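So this one's run.txt, compact mmCIF, C-alpha atoms and all ligand atoms:
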```txt
# COMPACT_ATOMS: atom_id res chain seq x y z
CA MET A 162 -114.94 184.12 42.20
CA THR A 163 -118.10 183.55 40.14
CA LEU A 164 -118.15 182.89 36.44
CA ARG A 165 -119.50 185.71 34.30
CA TRP A 166 -120.41 183.12 31.66
CA LYS A 167 -121.14 179.50 32.55
CA ARG A 168 -121.41 178.04 29.04
CA ALA A 169 -118.73 179.27 26.67
CA LEU A 170 -117.22 178.41 23.34
CA LEU A 171 -113.45 178.52 23.34
CA LYS A 172 -111.78 179.17 19.98
CA ILE A 173 -108.18 177.96 19.86
CA SER A 174 -106.31 179.03 16.74
CA GLY A 175 -103.95 176.59 15.11
CA GLU A 176 -101.06 179.01 15.48
CA VAL A 177 -101.02 178.52 19.27
CA LEU A 178 -100.97 174.71 18.89
CA GLY A 179 -97.89 174.46 16.69
CA GLY A 180 -94.29 174.60 17.84
CA LYS A 181 -90.67 174.53 16.69
CA GLU A 182 -90.63 170.73 16.54
CA GLY A 183 -93.51 170.53 14.08
CA PRO A 184 -97.14 171.43 13.52
CA LEU A 185 -98.41 169.62 16.63
CA ASP A 186 -96.76 170.86 19.81
CA LYS A 187 -97.21 168.44 22.72
CA GLY A 188 -96.67 171.16 25.31
CA ALA A 189 -99.33 173.41 23.79
CA PHE A 190 -101.96 170.66 23.70
CA SER A 191 -101.16 169.64 27.25
CA PHE A 192 -101.37 173.27 28.38
CA TYR A 193 -104.79 173.90 26.78
CA ALA A 194 -106.18 170.62 28.10
CA GLY A 195 -105.09 171.77 31.56
CA GLU A 196 -106.72 175.16 31.10
CA ILE A 197 -109.97 173.54 29.97
CA GLY A 198 -109.85 171.16 32.94
CA ARG A 199 -109.33 174.04 35.37
CA ALA A 200 -112.28 175.99 33.92
CA ARG A 201 -114.47 172.91 33.99
CA ALA A 202 -113.58 172.24 37.62
CA ALA A 203 -114.79 175.79 38.38
CA GLY A 204 -118.19 174.93 36.87
CA ALA A 205 -117.83 176.09 33.27
CA GLU A 206 -119.40 174.19 30.40
CA LEU A 207 -117.00 174.38 27.48
CA ALA A 208 -117.39 173.78 23.79
CA VAL A 209 -114.23 174.17 21.74
CA VAL A 210 -113.56 175.04 18.10
CA VAL A 211 -109.99 174.45 17.02
CA GLY A 212 -108.37 176.19 14.07
CA GLY A 213 -105.93 174.64 11.68
CA GLY A 214 -103.44 177.32 10.74
CA ASN A 215 -100.56 175.24 12.17
CA VAL A 216 -101.33 172.52 9.60
CA ALA A 217 -102.67 174.32 6.52
CA ARG A 218 -104.62 177.37 5.48
CA GLY A 219 -106.71 177.17 2.35
CA ALA A 220 -105.58 180.57 1.09
CA ALA A 221 -101.91 179.55 1.36
CA LEU A 222 -102.40 176.50 -0.86
CA ALA A 223 -102.50 178.50 -4.08
CA PHE A 224 -101.40 175.48 -6.14
CA LEU A 225 -104.78 173.83 -5.44
CA PRO A 226 -108.25 174.85 -6.58
CA PRO A 227 -109.62 176.91 -3.65
CA THR A 228 -112.30 174.42 -2.65
CA ALA A 229 -109.68 171.68 -2.34
CA GLY A 230 -107.33 173.99 -0.42
CA HIS A 231 -110.00 174.92 2.09
CA THR A 232 -110.93 171.25 2.52
CA VAL A 233 -107.30 170.49 3.37
CA GLY A 234 -107.50 173.35 5.89
CA MET A 235 -110.64 171.91 7.46
CA LEU A 236 -109.04 168.48 7.77
CA GLY A 237 -106.11 170.17 9.52
CA THR A 238 -108.53 171.33 12.22
CA LEU A 239 -109.64 167.71 12.61
CA LEU A 240 -106.04 166.65 13.32
CA ASN A 241 -105.81 169.28 16.05
CA ALA A 242 -109.14 168.21 17.53
CA LEU A 243 -108.12 164.54 17.57
CA VAL A 244 -104.94 165.39 19.46
CA LEU A 245 -106.73 167.70 21.89
CA ARG A 246 -109.33 165.01 22.63
CA GLU A 247 -106.56 162.58 23.63
CA PHE A 248 -104.99 165.16 25.94
CA LEU A 249 -108.37 165.90 27.55
CA LEU A 250 -109.15 162.20 28.03
CA GLY A 251 -105.62 161.69 29.34
CA GLN A 252 -106.32 164.30 32.02
CA GLY A 253 -109.56 162.56 32.96
CA ILE A 254 -111.79 165.13 31.24
CA PRO A 255 -114.75 163.61 29.36
CA ALA A 256 -114.65 164.84 25.76
CA LEU A 257 -116.81 164.41 22.70
CA LEU A 258 -115.57 165.10 19.17
CA MET A 259 -117.94 166.24 16.44
CA SER A 260 -116.79 166.95 12.91
CA ALA A 261 -118.54 168.99 10.25
CA LEU A 262 -116.95 166.69 7.63
CA PRO A 263 -117.94 163.07 8.21
CA VAL A 264 -115.19 160.72 9.40
CA PRO A 265 -117.12 157.74 10.79
CA GLY A 266 -115.35 155.88 13.53
CA VAL A 267 -113.24 158.90 14.40
CA ALA A 268 -115.66 161.74 15.07
CA GLU A 269 -119.41 162.05 15.38
CA PRO A 270 -121.43 164.25 13.05
CA VAL A 271 -122.21 167.74 14.36
CA ASP A 272 -125.40 167.54 16.40
CA PRO A 273 -126.18 170.64 18.49
CA TRP A 274 -128.84 168.84 20.55
CA ARG A 275 -126.48 166.04 21.52
CA ALA A 276 -123.72 168.58 22.12
CA LYS A 277 -125.96 170.55 24.51
CA GLU A 278 -126.81 167.37 26.43
CA ALA A 279 -123.12 166.52 26.70
CA LEU A 280 -122.23 170.03 27.86
CA ALA A 281 -124.95 169.99 30.51
CA ALA A 282 -123.60 166.62 31.69
CA GLY A 283 -120.11 168.06 32.09
CA ALA A 284 -118.37 166.81 28.93
CA VAL A 285 -116.23 169.09 26.81
CA THR A 286 -117.48 169.16 23.22
CA LEU A 287 -114.91 169.64 20.48
CA PHE A 288 -116.09 170.83 17.09
CA ALA A 289 -113.77 170.05 14.18
CA ALA A 290 -113.68 170.76 10.44
CA GLY A 291 -114.97 174.31 10.83
CA THR A 292 -118.35 174.85 9.24
CA GLY A 293 -117.78 171.99 6.79
CA ASP A 294 -117.85 174.52 3.95
CA PRO A 295 -115.00 176.24 2.12
CA TYR A 296 -114.30 179.99 1.91
CA VAL A 297 -114.89 180.75 5.58
CA THR A 298 -112.74 180.28 8.67
CA THR A 299 -112.98 178.64 12.04
CA ASP A 300 -113.82 182.03 13.58
CA THR A 301 -117.13 181.83 11.74
CA ALA A 302 -117.53 178.22 12.83
CA ALA A 303 -116.87 179.30 16.44
CA VAL A 304 -119.71 181.83 16.37
CA ILE A 305 -122.15 179.46 14.65
CA ARG A 306 -121.38 176.58 17.03
CA ALA A 307 -121.60 178.91 20.05
CA LEU A 308 -125.06 180.03 18.95
CA SER A 309 -126.22 176.49 18.24
CA VAL A 310 -125.25 175.18 21.69
CA ASP A 311 -126.55 178.27 23.54
CA ALA A 312 -123.09 179.37 24.66
CA GLN A 313 -123.19 182.81 26.27
CA VAL A 314 -119.84 183.96 24.93
CA VAL A 315 -117.06 183.15 22.47
CA LEU A 316 -113.60 183.27 24.05
CA LYS A 317 -110.87 183.59 21.47
CA ALA A 318 -107.43 182.54 22.65
CA SER A 319 -104.86 185.04 21.41
CA LYS A 320 -101.11 185.63 21.65
CA VAL A 321 -101.67 189.24 22.72
CA PRO A 322 -103.74 190.64 25.65
CA GLY A 323 -106.75 191.62 23.54
CA LEU A 324 -107.73 194.25 20.99
CA PHE A 325 -105.48 197.16 20.08
CA ASP A 326 -105.84 200.09 17.69
CA ASP A 327 -102.71 198.82 15.86
CA ASP A 328 -100.66 195.62 15.81
CA PRO A 329 -99.07 195.52 19.30
CA LEU A 330 -96.32 193.16 18.10
CA ARG A 331 -95.13 195.76 15.56
CA ASN A 332 -96.14 198.99 17.25
CA PRO A 333 -95.35 199.24 20.98
CA GLN A 334 -97.46 202.44 21.15
CA ALA A 335 -100.61 200.55 20.11
CA LYS A 336 -103.49 201.37 22.45
CA PHE A 337 -105.39 198.58 24.26
CA LEU A 338 -109.15 198.61 23.58
CA PRO A 339 -110.94 197.05 26.58
CA ARG A 340 -114.43 197.17 25.10
CA LEU A 341 -116.10 197.75 21.73
CA SER A 342 -119.49 197.08 20.20
CA HIS A 343 -119.63 194.64 17.29
CA ALA A 344 -120.32 197.59 14.95
CA GLU A 345 -117.30 199.53 16.27
CA TYR A 346 -115.10 196.49 15.79
CA LEU A 347 -116.23 196.17 12.18
CA ALA A 348 -115.97 199.92 11.49
CA ARG A 349 -112.36 199.98 12.72
CA GLY A 350 -111.47 197.10 10.41
CA LEU A 351 -109.80 195.15 13.23
CA ARG A 352 -108.48 191.70 12.41
CA ALA A 353 -108.25 189.73 15.65
CA MET A 354 -111.46 187.92 14.73
CA ASP A 355 -112.85 187.57 11.20
CA GLY A 356 -115.34 190.26 10.21
CA ALA A 357 -117.85 187.67 8.98
CA ALA A 358 -117.80 185.99 12.40
CA VAL A 359 -118.19 189.29 14.27
CA ALA A 360 -121.09 190.28 12.01
CA ILE A 361 -122.99 187.06 12.79
CA ALA A 362 -122.23 187.46 16.50
CA GLY A 363 -123.50 191.06 16.38
CA GLU A 364 -126.77 190.08 14.70
CA ASN A 365 -127.31 187.57 17.50
CA ARG A 366 -126.02 189.67 20.42
CA LEU A 367 -123.31 187.14 21.18
CA PRO A 368 -120.35 188.68 23.04
CA ILE A 369 -116.76 187.80 22.11
CA VAL A 370 -113.74 188.04 24.39
CA ILE A 371 -110.25 188.18 22.87
CA PHE A 372 -107.76 187.22 25.58
CA GLN A 373 -104.12 186.25 25.97
CA ALA A 374 -104.35 182.55 26.67
CA ASP A 375 -100.79 181.42 27.26
CA ALA A 376 -100.67 181.96 31.04
CA GLU A 377 -101.91 179.45 33.60
CA GLY A 378 -105.42 180.35 34.78
CA ALA A 379 -106.04 182.70 31.83
CA LEU A 380 -109.08 180.83 30.55
CA LEU A 381 -110.73 180.84 33.96
CA ALA A 382 -109.95 184.56 34.37
CA ALA A 383 -111.55 185.25 30.96
CA LEU A 384 -114.66 183.31 32.03
CA GLN A 385 -114.82 185.44 35.15
CA GLY A 386 -114.72 188.57 32.98
CA ARG A 387 -111.30 189.57 34.33
CA ARG A 388 -109.18 189.23 31.21
CA GLY A 389 -109.04 190.42 27.61
CA SER A 390 -111.10 192.75 25.43
CA LEU A 391 -114.85 192.42 25.17
CA ILE A 392 -116.76 192.85 21.90
CA GLY A 393 -120.46 193.44 22.60
CA GLY A 394 -121.76 192.27 25.93
CA GLU A 395 -124.21 195.18 26.26
CA GLY A 396 -126.96 194.79 28.80
N1 LIG B 401 -111.70 176.36 6.68
C1 LIG B 401 -112.78 176.28 5.82
N2 LIG B 401 -114.04 176.36 6.34
C2 LIG B 401 -114.29 176.51 7.65
C3 LIG B 401 -113.20 176.61 8.53
C4 LIG B 401 -111.92 176.52 8.02
O1 LIG B 401 -112.61 176.16 4.61
O2 LIG B 401 -115.47 176.55 8.05
C5 LIG B 401 -110.34 176.20 6.14
C6 LIG B 401 -109.76 177.51 5.65
O3 LIG B 401 -109.00 177.25 4.48
C7 LIG B 401 -108.83 177.92 6.77
C8 LIG B 401 -108.36 176.59 7.30
O4 LIG B 401 -109.48 175.72 7.15
O5 LIG B 401 -107.77 178.71 6.33
C9 LIG B 401 -107.89 176.59 8.74
O6 LIG B 401 -108.79 177.31 9.54
P1 LIG B 401 -108.44 178.74 10.16
O7 LIG B 401 -107.62 179.54 9.18
O8 LIG B 401 -109.69 179.35 10.65
O9 LIG B 401 -107.52 178.32 11.36
P2 LIG B 401 -106.82 179.25 12.45
O10 LIG B 401 -106.39 180.53 11.79
O11 LIG B 401 -107.83 179.52 13.51
O12 LIG B 401 -105.70 178.41 12.96
```
Could the structure of this file be written out as structure tokens, please?
Amino acid sequence: MTLRWKRALLKISGEVLGGKEGPLDKGAFSFYAGEIGRARAAGAELAVVVGGGNVARGAALAFLPPTAGHTVGMLGTLLNALVLREFLLGQGIPALLMSALPVPGVAEPVDPWRAKEALAAGAVTLFAAGTGDPYVTTDTAAVIRALSVDAQVVLKASKVPGLFDDDPLRNPQAKFLPRLSHAEYLARGLRAMDGAAVAIAGENRLPIVIFQADAEGALLAALQGRRGSLIGGEG
């Protein structure tokens, strides 16, 4: 089965990386490294943006000035990226880690040109620390990084099968939405992906797939266009 998109940016939210034992769930990291390896073996070039919700969210740290809270959140994404890199390397998958906040000796600075070279050579490129700026989220970082490495799609790993007209975890009658334009997504006020991120993607005609990621082979199926809901993707 051919890939619908060869170069993709995978967004993994922190919430899928945490577990009952603590914020960093070994099984989840191992699972996603395996998924990335499977997609890579099928010919995909993958960049990854990891979230940090399992460690900290700026908005939840109300006892800190917001800029400090968001910086803590961004550093949480770096923890996730460091762990994911080890799991990728452990599975024999070459991986590069770039951070939007400088941590010399641990991660390289974000460099889209170097990232593109690495992707073309078959390495997975992990982008940590979001955009490096407070007040936005890693969804926005995912769209910006996707555009800067010429990814053809953003694939957002979700706990539910895609987009719905209501929260499917609370309302079993919620209707699945297989396809929407960016403008329709924004007009409906949906929340699976941040509005700011979807707006930037729309301006740049970058499609976004929201897909349930917790089954083996799900990432590859999403890359083949067989899984999830598609935002945009016209033409
Ligand atoms: N964050 C930020 N700037 C960014 C990306 C993230 O300030 O460019 C902070 C923000 O406080 C956010 C936290 O880092 O709440 C964790 O990121 P996010 O909430 O996007 O993680 P996810 O929900 O995907 O796990």
For each of A:Gly195, A:Asn332, A:Lys181, A:Ala307, take the minimum atom-to-atom distance to Leu280 of chain A, counting only C-alpha atoms, then give the residue where this is smallest.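 For Leu280 of chain A, the nearest of the candidates is A:Ala307.
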Could you list, as a PyMOL selection string, all residues that come within 7 Å of ligand LIG 401 (chain B)? Count only C-alpha atoms and all ligand atoms. chain A and resi 173-176+211-215+217-220+230-235+237-238+290-302
Selected residue of minimal separation from Ala289 of chain A among A:Gly266, A:Leu243, A:Pro255, A:Glu364, counting all atoms listed in the file: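 Counting all atoms listed in the file, the residue closest to Ala289 of chain A is A:Leu243.
For the atom pair formed by atom CA of Gln252 of chain A and atom CA of Ala284 of chain A, the distance is 12.7 Å, given to one decimal.
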Using all atoms listed in the file, which of the listed residues (A:Asp355, A:Asp375, A:Asp186, A:Glu206) sits closest to Leu164 of chain A?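 Looking at the shortest contact to Leu164 of chain A, the residue is A:Glu206.
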Would you work out the distance separating atom CA of Ala256 of chain A from atom CA of Arg306 of chain A, expressed in Å to one decimal? 16.1 Å
Determine, counting all atoms listed in the file, which protein, DNA and RNA residues have an atom within 8 Å of an atom of Leu245 of chain A; residues of the same chain fewer than 3 positions away are not included. Present the result as a ChimeraX atom specification. /A:190-191,194,241-242,248-249
With distances taken over only C-alpha atoms, which of A:Leu338, A:Ala362, A:Leu258, A:Ala318 is nearest to Arg246 of chain A? A:Leu258
Counting all atoms listed in the file, which of A:Gly393, A:Pro329, A:Gly198, A:Pro226 gets nearest to Ala360 of chain A?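 Result for the nearest residue to Ala360 of chain A: A:Gly393.
Of the listed residues (A:Val209, A:Ala348, A:Gln313, A:Arg165), A:Arg165 comes nearest to Arg388 of chain A; the distances count all atoms listed in the file.
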So how many Å separate atom CA of Ala374 of chain A and atom CA of Gln334 of chain A, to one decimal?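 Taking atom CA of Ala374 of chain A as the start and atom CA of Gln334 of chain A as the end point, the length is 21.8 Å.
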Segment 234-240 of chain A, all listed atoms, 6 Å padding on each side: what axis-aligned box centre and edge lengths in Å to one decimal come out, as lines of an AutoDock Vina configuration file?
```
center_x = -108.3
center_y = 170.0
center_z = 9.6
size_x = 16.6
size_y = 18.7
size_z = 19.4
```
Per residue of segment 260-367 of chain A within 7 Å of segment 168-171 of chain A, record the nearest atom pair and its distance in Å to one decimal, counting all atoms listed in the file, with rows in chain order and ascending residue number, as JSON lines.
```
{"residue": "A:Ala303", "atom": "CA", "partner": "A:Leu170", "partner_atom": "CA", "distance": 7.0}
{"residue": "A:Ala307", "atom": "CA", "partner": "A:Leu170", "partner_atom": "CA", "distance": 5.5}
{"residue": "A:Ala312", "atom": "CA", "partner": "A:Ala169", "partner_atom": "CA", "distance": 4.8}
{"residue": "A:Gln313", "atom": "CA", "partner": "A:Ala169", "partner_atom": "CA", "distance": 5.7}
{"residue": "A:Val314", "atom": "CA", "partner": "A:Ala169", "partner_atom": "CA", "distance": 5.1}
{"residue": "A:Val315", "atom": "CA", "partner": "A:Leu170", "partner_atom": "CA", "distance": 4.8}
{"residue": "A:Leu316", "atom": "CA", "partner": "A:Leu171", "partner_atom": "CA", "distance": 4.8}
{"residue": "A:Lys317", "atom": "CA", "partner": "A:Leu171", "partner_atom": "CA", "distance": 6.0}
```
Excluding Gly378 of chain A and its own-chain neighbours fewer than 2 positions away, which residues fall within 8 Å of it when counting all atoms listed in the file? Please give them as a list in words.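 My reading of the contact set: Glu196, Arg199, Ala376, Leu380, Leu381 and Ala382 of chain A.
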Show me as JSON, numbers by chain the residues that reach within 7 Å of (-123.9, 172.5, 19.0), counting all atoms listed in the file and using the file's own coordinates. {"A": [271, 272, 273, 274, 276, 277, 306, 307, 309, 310]}
Could you write those residues out with C-alpha atoms, as a PDB file, in the coordinates of the input?
```
ATOM      1  CA  VAL A 271    -122.210 167.740  14.360  1.00  0.00           C
ATOM      2  CA  ASP A 272    -125.400 167.540  16.400  1.00  0.00           C
ATOM      3  CA  PRO A 273    -126.180 170.640  18.490  1.00  0.00           C
ATOM      4  CA  TRP A 274    -128.840 168.840  20.550  1.00  0.00           C
ATOM      5  CA  ALA A 276    -123.720 168.580  22.120  1.00  0.00           C
ATOM      6  CA  LYS A 277    -125.960 170.550  24.510  1.00  0.00           C
ATOM      7  CA  ARG A 306    -121.380 176.580  17.030  1.00  0.00           C
ATOM      8  CA  ALA A 307    -121.600 178.910  20.050  1.00  0.00           C
ATOM      9  CA  SER A 309    -126.220 176.490  18.240  1.00  0.00           C
ATOM     10  CA  VAL A 310    -125.250 175.180  21.690  1.00  0.00           C
TER      11      VAL A 310
END
```
Within-6 Å shell of (-107.2, 188.3, 22.5) in input frame, all atoms listed in the file, as a PDB file with C-alpha atoms, in the frame of the given file:
```
ATOM      1  CA  ALA A 318    -107.430 182.540  22.650  1.00  0.00           C
ATOM      2  CA  SER A 319    -104.860 185.040  21.410  1.00  0.00           C
ATOM      3  CA  VAL A 321    -101.670 189.240  22.720  1.00  0.00           C
ATOM      4  CA  PRO A 322    -103.740 190.640  25.650  1.00  0.00           C
ATOM      5  CA  GLY A 323    -106.750 191.620  23.540  1.00  0.00           C
ATOM      6  CA  ILE A 371    -110.250 188.180  22.870  1.00  0.00           C
ATOM      7  CA  PHE A 372    -107.760 187.220  25.580  1.00  0.00           C
ATOM      8  CA  GLN A 373    -104.120 186.250  25.970  1.00  0.00           C
ATOM      9  CA  GLY A 389    -109.040 190.420  27.610  1.00  0.00           C
TER      10      GLY A 389
END
```
